[in-house]
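Source file: work-v8.txt; contents: compact mmCIF, C-alpha atoms.
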# COMPACT_ATOMS: atom_id res chain seq x y z
CA MET M 1 -15.10 -2.63 -29.62
CA LYS M 2 -18.65 -3.26 -30.75
CA LEU M 3 -20.87 -4.98 -28.25
CA ASN M 4 -23.73 -7.04 -29.64
CA PHE M 5 -26.85 -6.87 -27.47
CA PHE M 6 -30.45 -8.06 -27.45
CA LYS M 7 -33.36 -6.20 -25.87
CA TYR M 8 -36.29 -8.09 -24.33
CA GLN M 9 -39.21 -7.16 -22.11
CA GLY M 10 -41.37 -9.23 -19.78
CA THR M 11 -44.64 -7.44 -18.94
CA GLY M 12 -42.88 -4.10 -19.39
CA ASN M 13 -39.82 -5.00 -17.29
CA ASP M 14 -37.07 -4.51 -19.90
CA PHE M 15 -33.57 -5.97 -20.09
CA ILE M 16 -30.41 -5.85 -22.16
CA ILE M 17 -29.21 -9.42 -22.67
CA LEU M 18 -25.58 -10.20 -23.54
CA ASP M 19 -24.36 -13.59 -24.72
CA ILE M 20 -20.86 -13.92 -23.22
CA ARG M 21 -20.38 -17.67 -23.52
CA LYS M 22 -17.46 -17.19 -25.93
CA LYS M 23 -16.15 -13.71 -25.11
CA LYS M 24 -15.43 -11.41 -22.21
CA ILE M 25 -16.57 -7.84 -21.75
CA PRO M 26 -13.65 -5.46 -21.15
CA GLY M 27 -13.57 -2.56 -18.71
CA CYS M 28 -15.39 -1.71 -15.49
CA LEU M 29 -18.69 -3.58 -15.62
CA PRO M 30 -20.68 -1.43 -13.12
CA ALA M 31 -19.84 1.78 -15.00
CA LEU M 32 -20.49 0.17 -18.38
CA PHE M 33 -23.80 -1.39 -17.33
CA THR M 34 -25.02 1.86 -15.77
CA LYS M 35 -24.29 3.61 -19.06
CA LEU M 36 -25.99 0.93 -21.15
CA CYS M 37 -29.14 1.07 -18.98
CA ASN M 38 -29.36 4.87 -19.17
CA ARG M 39 -32.45 5.74 -21.21
CA ASN M 40 -31.02 9.06 -22.40
CA PHE M 41 -27.36 8.23 -23.16
CA GLY M 42 -27.41 4.45 -23.58
CA ILE M 43 -29.75 1.72 -24.75
CA GLY M 44 -32.13 1.95 -21.81
CA ALA M 45 -33.25 -0.89 -19.55
CA ASP M 46 -34.19 -1.90 -16.00
CA GLY M 47 -31.26 -4.30 -15.90
CA ILE M 48 -28.56 -6.34 -17.64
CA ILE M 49 -28.57 -10.12 -18.07
CA LEU M 50 -25.41 -12.06 -18.91
CA ILE M 51 -25.76 -15.53 -20.43
CA GLN M 52 -22.78 -17.68 -19.45
CA ASN M 53 -21.77 -21.32 -19.88
CA ASP M 54 -22.62 -23.59 -16.96
CA SER M 55 -21.57 -27.18 -16.27
CA LYS M 56 -24.65 -27.92 -14.14
CA SER M 57 -27.41 -26.62 -16.43
CA ASN M 58 -28.13 -25.24 -19.90
CA PHE M 59 -26.73 -21.81 -18.98
CA TYR M 60 -25.95 -19.46 -16.09
CA MET M 61 -27.91 -16.21 -15.77
CA LYS M 62 -26.06 -13.36 -14.10
CA TYR M 63 -28.20 -10.33 -13.35
CA TYR M 64 -27.28 -6.67 -12.78
CA ASN M 65 -29.64 -3.86 -11.85
CA SER M 66 -29.54 -0.60 -13.79
CA ASP M 67 -27.29 0.89 -11.09
CA GLY M 68 -24.55 -1.46 -12.36
CA LYS M 69 -24.50 -3.70 -9.29
CA GLU M 70 -24.94 -7.47 -9.43
CA SER M 71 -28.26 -8.34 -7.88
CA THR M 72 -30.34 -11.30 -6.76
CA MET M 73 -32.90 -13.32 -8.69
CA CYS M 74 -35.05 -11.49 -11.24
CA GLY M 75 -38.24 -13.33 -12.22
CA ASN M 76 -39.14 -11.33 -15.32
CA GLY M 77 -35.49 -11.23 -16.39
CA ALA M 78 -35.27 -14.99 -16.08
CA ARG M 79 -38.35 -15.41 -18.24
CA CYS M 80 -36.68 -13.21 -20.88
CA ALA M 81 -33.48 -15.24 -20.61
CA ILE M 82 -35.44 -18.46 -21.20
CA LEU M 83 -36.88 -17.18 -24.47
CA PHE M 84 -33.49 -15.76 -25.50
CA SER M 85 -31.77 -19.10 -24.84
CA LYS M 86 -34.21 -20.76 -27.21
CA LYS M 87 -33.32 -18.15 -29.85
CA LEU M 88 -29.63 -19.00 -29.35
CA GLY M 89 -30.35 -22.70 -29.80
CA ILE M 90 -28.94 -23.54 -26.37
CA LYS M 91 -31.67 -26.17 -26.12
CA LYS M 92 -34.26 -27.11 -28.69
CA LYS M 93 -36.90 -28.37 -26.25
CA ASN M 94 -39.37 -26.07 -24.53
CA LYS M 95 -38.22 -26.98 -20.99
CA ILE M 96 -34.91 -25.33 -20.15
CA TYR M 97 -32.80 -25.58 -17.00
CA PHE M 98 -30.56 -22.73 -15.90
CA ARG M 99 -28.67 -21.62 -12.82
CA ALA M 100 -28.89 -18.22 -11.14
CA ILE M 101 -27.44 -16.75 -7.96
CA ASP M 102 -30.00 -18.65 -5.84
CA GLY M 103 -29.63 -22.04 -7.53
CA ILE M 104 -31.13 -24.17 -10.31
CA HIS M 105 -34.40 -23.16 -11.97
CA TYR M 106 -36.33 -24.37 -14.97
CA GLY M 107 -38.43 -22.48 -17.48
CA ILE M 108 -41.13 -23.63 -19.86
CA ILE M 109 -41.98 -21.99 -23.17
CA LYS M 110 -45.74 -22.50 -23.31
CA ASP M 111 -46.01 -20.76 -26.67
CA LYS M 112 -43.81 -18.29 -28.54
CA ASN M 113 -44.54 -15.45 -26.08
CA LEU M 114 -45.84 -17.07 -22.89
CA ILE M 115 -43.04 -18.12 -20.54
CA CYS M 116 -43.31 -19.89 -17.17
CA ILE M 117 -40.47 -20.03 -14.65
CA ASN M 118 -40.13 -22.13 -11.51
CA LEU M 119 -38.87 -20.11 -8.53
CA MET M 120 -37.07 -21.14 -5.36
CA ASP M 121 -38.87 -22.90 -2.49
CA ILE M 122 -39.74 -20.71 0.50
CA GLU M 123 -39.63 -21.70 4.17
CA ILE M 124 -42.77 -20.41 5.85
CA ASN M 125 -40.94 -19.66 9.09
CA MET M 126 -38.81 -17.16 7.14
CA ILE M 127 -41.89 -15.11 6.22
CA LYS M 128 -42.28 -12.21 8.67
CA ILE M 129 -45.86 -10.99 9.08
CA TYR M 130 -46.44 -7.65 10.78
CA PRO M 131 -49.75 -5.80 11.31
CA LYS M 132 -49.21 -3.42 8.40
CA TYR M 133 -46.77 -5.26 6.12
CA THR M 134 -45.10 -8.58 5.31
CA ILE M 135 -41.42 -9.36 4.58
CA LEU M 136 -40.36 -12.38 2.53
CA ASN M 137 -37.74 -13.46 0.03
CA THR M 138 -38.80 -14.98 -3.30
CA GLY M 139 -35.30 -14.90 -4.75
CA SER M 140 -35.08 -11.19 -3.93
CA PRO M 141 -36.19 -9.47 -0.69
CA HIS M 142 -39.68 -7.95 -0.71
CA TYR M 143 -41.72 -5.67 1.51
CA VAL M 144 -45.45 -6.19 0.82
CA LEU M 145 -47.98 -3.56 1.84
CA PHE M 146 -51.73 -3.96 1.21
CA VAL M 147 -53.45 -0.71 0.23
CA GLU M 148 -56.66 0.73 -1.20
CA ASN M 149 -56.88 2.96 -4.29
CA ILE M 150 -53.50 1.79 -5.56
CA GLN M 151 -53.67 4.16 -8.53
CA LYS M 152 -53.41 7.11 -6.13
CA ILE M 153 -50.20 5.86 -4.45
CA ASP M 154 -47.04 7.85 -5.20
CA VAL M 155 -44.94 4.69 -5.55
CA ASN M 156 -41.63 6.47 -6.12
CA LYS M 157 -42.05 8.70 -3.06
CA GLU M 158 -43.52 6.16 -0.66
CA GLY M 159 -41.43 3.25 -1.93
CA ARG M 160 -38.21 5.23 -1.60
CA LYS M 161 -39.02 6.06 2.03
CA ILE M 162 -39.32 2.39 2.92
CA ARG M 163 -36.42 1.18 0.76
CA PHE M 164 -33.95 3.57 2.43
CA GLN M 165 -35.20 3.24 6.01
CA LYS M 166 -33.49 1.06 8.61
CA PRO M 167 -32.69 -1.82 8.38
CA TYR M 168 -32.96 -1.83 4.57
CA GLU M 169 -30.83 1.16 3.57
CA GLU M 170 -27.62 -0.81 2.85
CA ASP M 171 -28.84 -3.84 0.89
CA GLY M 172 -32.21 -2.44 -0.07
CA VAL M 173 -35.64 -4.03 -0.34
CA ASN M 174 -38.22 -4.07 -3.12
CA VAL M 175 -41.44 -2.41 -2.00
CA ASN M 176 -44.76 -3.77 -3.30
CA PHE M 177 -48.06 -1.92 -2.98
CA VAL M 178 -50.91 -4.42 -3.37
CA GLU M 179 -54.64 -3.94 -3.83
CA VAL M 180 -57.05 -6.88 -3.74
CA ILE M 181 -59.52 -6.47 -6.61
CA GLY M 182 -61.36 -9.80 -6.56
CA ASN M 183 -61.19 -13.47 -5.68
CA ASN M 184 -57.53 -14.44 -6.15
CA MET M 185 -56.86 -11.26 -8.13
CA ILE M 186 -54.57 -8.39 -7.17
CA LYS M 187 -53.05 -5.24 -8.58
CA VAL M 188 -49.36 -4.73 -7.77
CA ARG M 189 -47.07 -1.72 -8.17
CA THR M 190 -43.41 -2.12 -7.22
CA TYR M 191 -40.56 0.20 -6.31
CA GLU M 192 -37.40 -1.72 -7.21
CA ARG M 193 -34.09 -1.33 -5.43
CA GLY M 194 -31.13 -0.91 -7.80
CA VAL M 195 -33.42 0.66 -10.38
CA GLU M 196 -34.51 3.10 -7.63
CA LYS M 197 -37.92 3.83 -9.11
CA GLU M 198 -41.18 2.14 -9.99
CA THR M 199 -40.93 -0.46 -12.75
CA LEU M 200 -43.81 -1.61 -14.93
CA SER M 201 -43.76 -5.03 -13.25
CA CYS M 202 -41.66 -7.20 -10.95
CA GLY M 203 -41.88 -10.99 -11.21
CA THR M 204 -40.54 -11.89 -7.78
CA GLY M 205 -42.59 -8.97 -6.42
CA VAL M 206 -45.97 -10.24 -7.63
CA THR M 207 -44.97 -13.70 -6.36
CA ALA M 208 -44.16 -12.28 -2.92
CA SER M 209 -47.41 -10.30 -2.94
CA SER M 210 -49.43 -13.41 -3.83
CA ILE M 211 -47.90 -15.55 -1.08
CA ALA M 212 -48.33 -12.71 1.44
CA ALA M 213 -52.05 -12.57 0.56
CA TYR M 214 -52.43 -16.26 1.45
CA GLU M 215 -50.34 -15.99 4.60
CA LYS M 216 -52.45 -13.08 5.84
CA GLY M 217 -55.66 -14.95 5.06
CA VAL M 218 -56.75 -12.58 2.29
CA PHE M 219 -57.23 -15.57 -0.04
CA ALA M 220 -58.28 -19.13 0.79
CA TYR M 221 -56.40 -22.21 -0.43
CA TYR M 222 -58.11 -24.78 -2.63
CA TYR M 223 -57.67 -28.49 -3.50
CA ASN M 224 -57.18 -29.98 -0.02
CA ASN M 225 -56.22 -26.55 1.30
CA VAL M 226 -52.68 -26.63 -0.12
CA TYR M 227 -52.79 -24.96 -3.57
CA GLY M 228 -52.77 -21.26 -4.33
CA LYS M 229 -53.28 -19.45 -7.62
CA VAL M 230 -53.33 -15.70 -8.29
CA LEU M 231 -53.79 -13.39 -11.25
CA ALA M 232 -51.73 -10.23 -10.78
CA TYR M 233 -52.26 -7.06 -12.79
CA THR M 234 -49.25 -4.78 -13.16
CA LEU M 235 -48.70 -1.61 -15.18
CA GLY M 236 -46.96 -3.77 -17.80
CA GLY M 237 -49.52 -6.56 -18.07
CA LYS M 238 -50.84 -9.72 -16.43
CA LEU M 239 -48.85 -12.36 -14.53
CA TRP M 240 -50.08 -15.70 -13.18
CA ILE M 241 -48.65 -17.15 -9.97
CA SER M 242 -49.26 -20.65 -8.61
CA PHE M 243 -47.75 -22.63 -5.74
CA LYS M 244 -48.24 -25.49 -3.30
CA LYS M 245 -48.07 -25.35 0.51
CA ILE M 246 -46.37 -28.41 2.06
CA HIS M 247 -47.10 -29.42 5.69
CA ASP M 248 -47.35 -25.73 6.72
CA LYS M 249 -43.57 -25.61 6.38
CA TYR M 250 -42.75 -24.75 2.77
CA TYR M 251 -44.09 -23.17 -0.38
CA LYS M 252 -43.01 -25.31 -3.32
CA GLU M 253 -43.76 -25.61 -7.03
CA ILE M 254 -43.83 -21.82 -7.24
CA ASN M 255 -44.46 -20.86 -10.86
CA LEU M 256 -44.56 -17.43 -12.47
CA THR M 257 -46.08 -17.11 -15.95
CA GLY M 258 -46.45 -14.15 -18.29
CA SER M 259 -45.65 -12.73 -21.68
CA VAL M 260 -42.16 -12.05 -23.01
CA LYS M 261 -41.30 -10.17 -26.20
CA PHE M 262 -38.11 -9.66 -28.18
CA ILE M 263 -37.76 -5.94 -28.91
CA PHE M 264 -34.63 -5.52 -31.03
CA GLU M 265 -31.01 -6.52 -31.57
CA GLY M 266 -28.17 -4.07 -32.07
CA TYR M 267 -24.56 -3.05 -31.60
CA ILE M 268 -23.09 -0.34 -29.43
CA ASN M 269 -19.52 0.92 -29.31
CA ILE M 270 -17.86 0.57 -25.89
Show me, as structure tokens, the structure contained in the file I just sent.
Amino acid sequence: MKLNFFKYQGTGNDFIILDIRKKKIPGCLPALFTKLCNRNFGIGADGIILIQNDSKSNFYMKYYNSDGKESTMCGNGARCAILFSKKLGIKKKNKIYFRAIDGIHYGIIKDKNLICINLMDIEINMIKIYPKYTILNTGSPHYVLFVENIQKIDVNKEGRKIRFQKPYEEDGVNVNFVEVIGNNMIKVRTYERGVEKETLSCGTGVTASSIAAYEKGVFAYYYNNVYGKVLAYTLGGKLWISFKKIHDKYYKEINLTGSVKFIFEGYINI
């Protein structure tokens, strides 16, 4: 059969999006998705996004990494799904609600290419701060390491070491190398589990890196000492992260904003 697909990218993080609200995909999904994501023998992508019907929101976003395995929340993928849902006419307004593996989210189309997504709340007591690194979950698990001269880091080599070390080897962890370059500005390079290499950007990764910077005291809060805002530079472009700290217990109103672009539409025989 012919499979209709759409290709999108969010700050260089690219995805194959499939609208399966009215049809099912036959065969073994992990094997098929691995083939589709292969950049030499398939379409090529960091992951696969399925758009499904949902009774609790405008649509359900199911995400698979390029290794064919269903994964956790993907910030850049969700931003791509928001713009795609507008293209499908799922909702005419610029604020769209959808459900993912970690619950209900909303996205805002600020203009035709700038997409903002609201991420899950984070309990501060679940953030683990160690002398050399920080562990936290922003929809996906992240290991945040502050470095100097980020351009000299061999992200694939060093990231792979951490991703496959105990206790992460089974479920994996995304490894973020972060350099502070100014007041509330960082550079971030990320080794992504499931893709098993460096990607051009990671939405939940820059969010985790931004919150880690505040928790470690790298940046100071503003507006009554509860608001944070960061500009993150990735290999694929710029992302803006903002959030609010509530009673030293939660991070809420976590928003991730950046560009999204439709690349092409096509068919592939499966």
Out of M:Ile150, M:Leu29, M:Ile127, M:Leu18, which residue has the shortest atom-to-atom distance to M:Ile49 when counting only C-alpha atoms?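 Result for the nearest residue to M:Ile49: M:Leu18.
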Min atom-atom distance to M:Leu50 from the set M:Ser209, M:Asn4, M:Thr190, M:Asn176, counting all atoms listed in the file, belongs to M:Asn4
May I have the protein, DNA and RNA residues with an atom at most 12 Å from (-54.9, -11.8, -6.7), counting all atoms listed in the file in the file's coordinates, returned as an MDAnalysis selection string? chainID M and resid 146 178:188 206:214 218:220 228:234 238:242
C-alpha atoms of the current selection, written as a compact mmCIF listing (two decimals), in the coordinates of the input:
# COMPACT_ATOMS: atom_id res chain seq x y z
CA PHE M 146 -51.73 -3.96 1.21
CA VAL M 178 -50.91 -4.42 -3.37
CA GLU M 179 -54.64 -3.94 -3.83
CA VAL M 180 -57.05 -6.88 -3.74
CA ILE M 181 -59.52 -6.47 -6.61
CA GLY M 182 -61.36 -9.80 -6.56
CA ASN M 183 -61.19 -13.47 -5.68
CA ASN M 184 -57.53 -14.44 -6.15
CA MET M 185 -56.86 -11.26 -8.13
CA ILE M 186 -54.57 -8.39 -7.17
CA LYS M 187 -53.05 -5.24 -8.58
CA VAL M 188 -49.36 -4.73 -7.77
CA VAL M 206 -45.97 -10.24 -7.63
CA THR M 207 -44.97 -13.70 -6.36
CA ALA M 208 -44.16 -12.28 -2.92
CA SER M 209 -47.41 -10.30 -2.94
CA SER M 210 -49.43 -13.41 -3.83
CA ILE M 211 -47.90 -15.55 -1.08
CA ALA M 212 -48.33 -12.71 1.44
CA ALA M 213 -52.05 -12.57 0.56
CA TYR M 214 -52.43 -16.26 1.45
CA VAL M 218 -56.75 -12.58 2.29
CA PHE M 219 -57.23 -15.57 -0.04
CA ALA M 220 -58.28 -19.13 0.79
CA GLY M 228 -52.77 -21.26 -4.33
CA LYS M 229 -53.28 -19.45 -7.62
CA VAL M 230 -53.33 -15.70 -8.29
CA LEU M 231 -53.79 -13.39 -11.25
CA ALA M 232 -51.73 -10.23 -10.78
CA TYR M 233 -52.26 -7.06 -12.79
CA THR M 234 -49.25 -4.78 -13.16
CA LYS M 238 -50.84 -9.72 -16.43
CA LEU M 239 -48.85 -12.36 -14.53
CA TRP M 240 -50.08 -15.70 -13.18
CA ILE M 241 -48.65 -17.15 -9.97
CA SER M 242 -49.26 -20.65 -8.61
Taking (-43.6, -1.5, 7.3) in the coordinates of the supplied file, I want to know which residues reach to within 9 Å of it, counting all atoms listed in the file; could you give the answer as JSON, numbers by chain? {"M": [130, 131, 132, 133, 134, 135, 143, 144, 145, 162]}
Between M:Asp111, M:Glu170, M:Asp102, M:Glu198, which one has atoms that come closest to M:Thr138, using all atoms listed in the file?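 Of all the options, M:Asp102 lies closest to M:Thr138.
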Measure the distance from atom CA of M:Gly68 to atom CA of M:Ala100 in Å and round it to one decimal. 17.4 Å
Expressed in Å to a single decimal, how great is the separation between atom CA of M:Phe262 and atom CA of M:Ala78? 13.5 Å
Using atom CA of M:Glu169 and atom CA of M:Ala31 as the two end points, give the distance in Å to one decimal.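 These two atoms are separated by 21.6 Å.
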Looking at only C-alpha atoms, which of M:Ala45, M:Leu235, M:Ile109, M:Met120 is the one that sits closest to M:Lys86? M:Ile109
Within 7 Å of M:Ile51, counting all atoms listed in the file, which residues show up once you throw out same-chain ones fewer than 4 positions away? Write them as number ranges by chain, please. M: 18-21, 59-62
Counting all atoms listed in the file, which residue out of M:Asn118, M:Asn125, M:Asn65, M:Ser140 sits closest to M:Phe33? M:Asn65
Test item: axis-aligned box, all listed atoms of stretch 214-219 of chain M, 4 Å on each side, centre and edges in Å rounded to one decimal, as JSON:
{"center_x": -53.8, "center_y": -14.4, "center_z": 2.9, "size_x": 14.9, "size_y": 11.7, "size_z": 13.9}
If you count all atoms listed in the file, which residues fall within 8 Å of M:Asn174, apart from same-chain ones fewer than 5 positions away, as a JSON list (two decimals) with C-alpha atoms, keeping the file's coordinate frame?
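The resulting file, selection27.json, is reproduced below:
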[["chain", "number", "residue", "atom", "x", "y", "z"],
["M", 140, "SER", "CA", -35.08, -11.19, -3.93],
["M", 141, "PRO", "CA", -36.19, -9.47, -0.69],
["M", 142, "HIS", "CA", -39.68, -7.95, -0.71],
["M", 143, "TYR", "CA", -41.72, -5.67, 1.51],
["M", 163, "ARG", "CA", -36.42, 1.18, 0.76],
["M", 190, "THR", "CA", -43.41, -2.12, -7.22],
["M", 191, "TYR", "CA", -40.56, 0.20, -6.31],
["M", 192, "GLU", "CA", -37.40, -1.72, -7.21],
["M", 193, "ARG", "CA", -34.09, -1.33, -5.43],
["M", 205, "GLY", "CA", -42.59, -8.97, -6.42]]
Best match for closeness to M:Arg39 among M:Leu136, M:Ile104, M:Ile16, M:Val260, counting all atoms listed in the file: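 The shortest atom-to-atom distance to M:Arg39 comes from M:Ile16.
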Near M:Ile90, counting all atoms listed in the file, which residues have an atom at most 12 Å away, once you skip same-chain residues fewer than 3 positions from it, shown as a list of chain:residue names?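 Near neighbours after the sequence-gap exclusion: M:Asp19, M:Arg21, M:Ile51, M:Gln52, M:Asn53, M:Asp54, M:Ser57, M:Asn58, M:Phe59, M:Tyr60, M:Ala81, M:Ile82, M:Leu83, M:Phe84, M:Ser85, M:Lys86, M:Lys87, M:Lys93, M:Asn94, M:Lys95, M:Ile96, M:Tyr97, M:Phe98.
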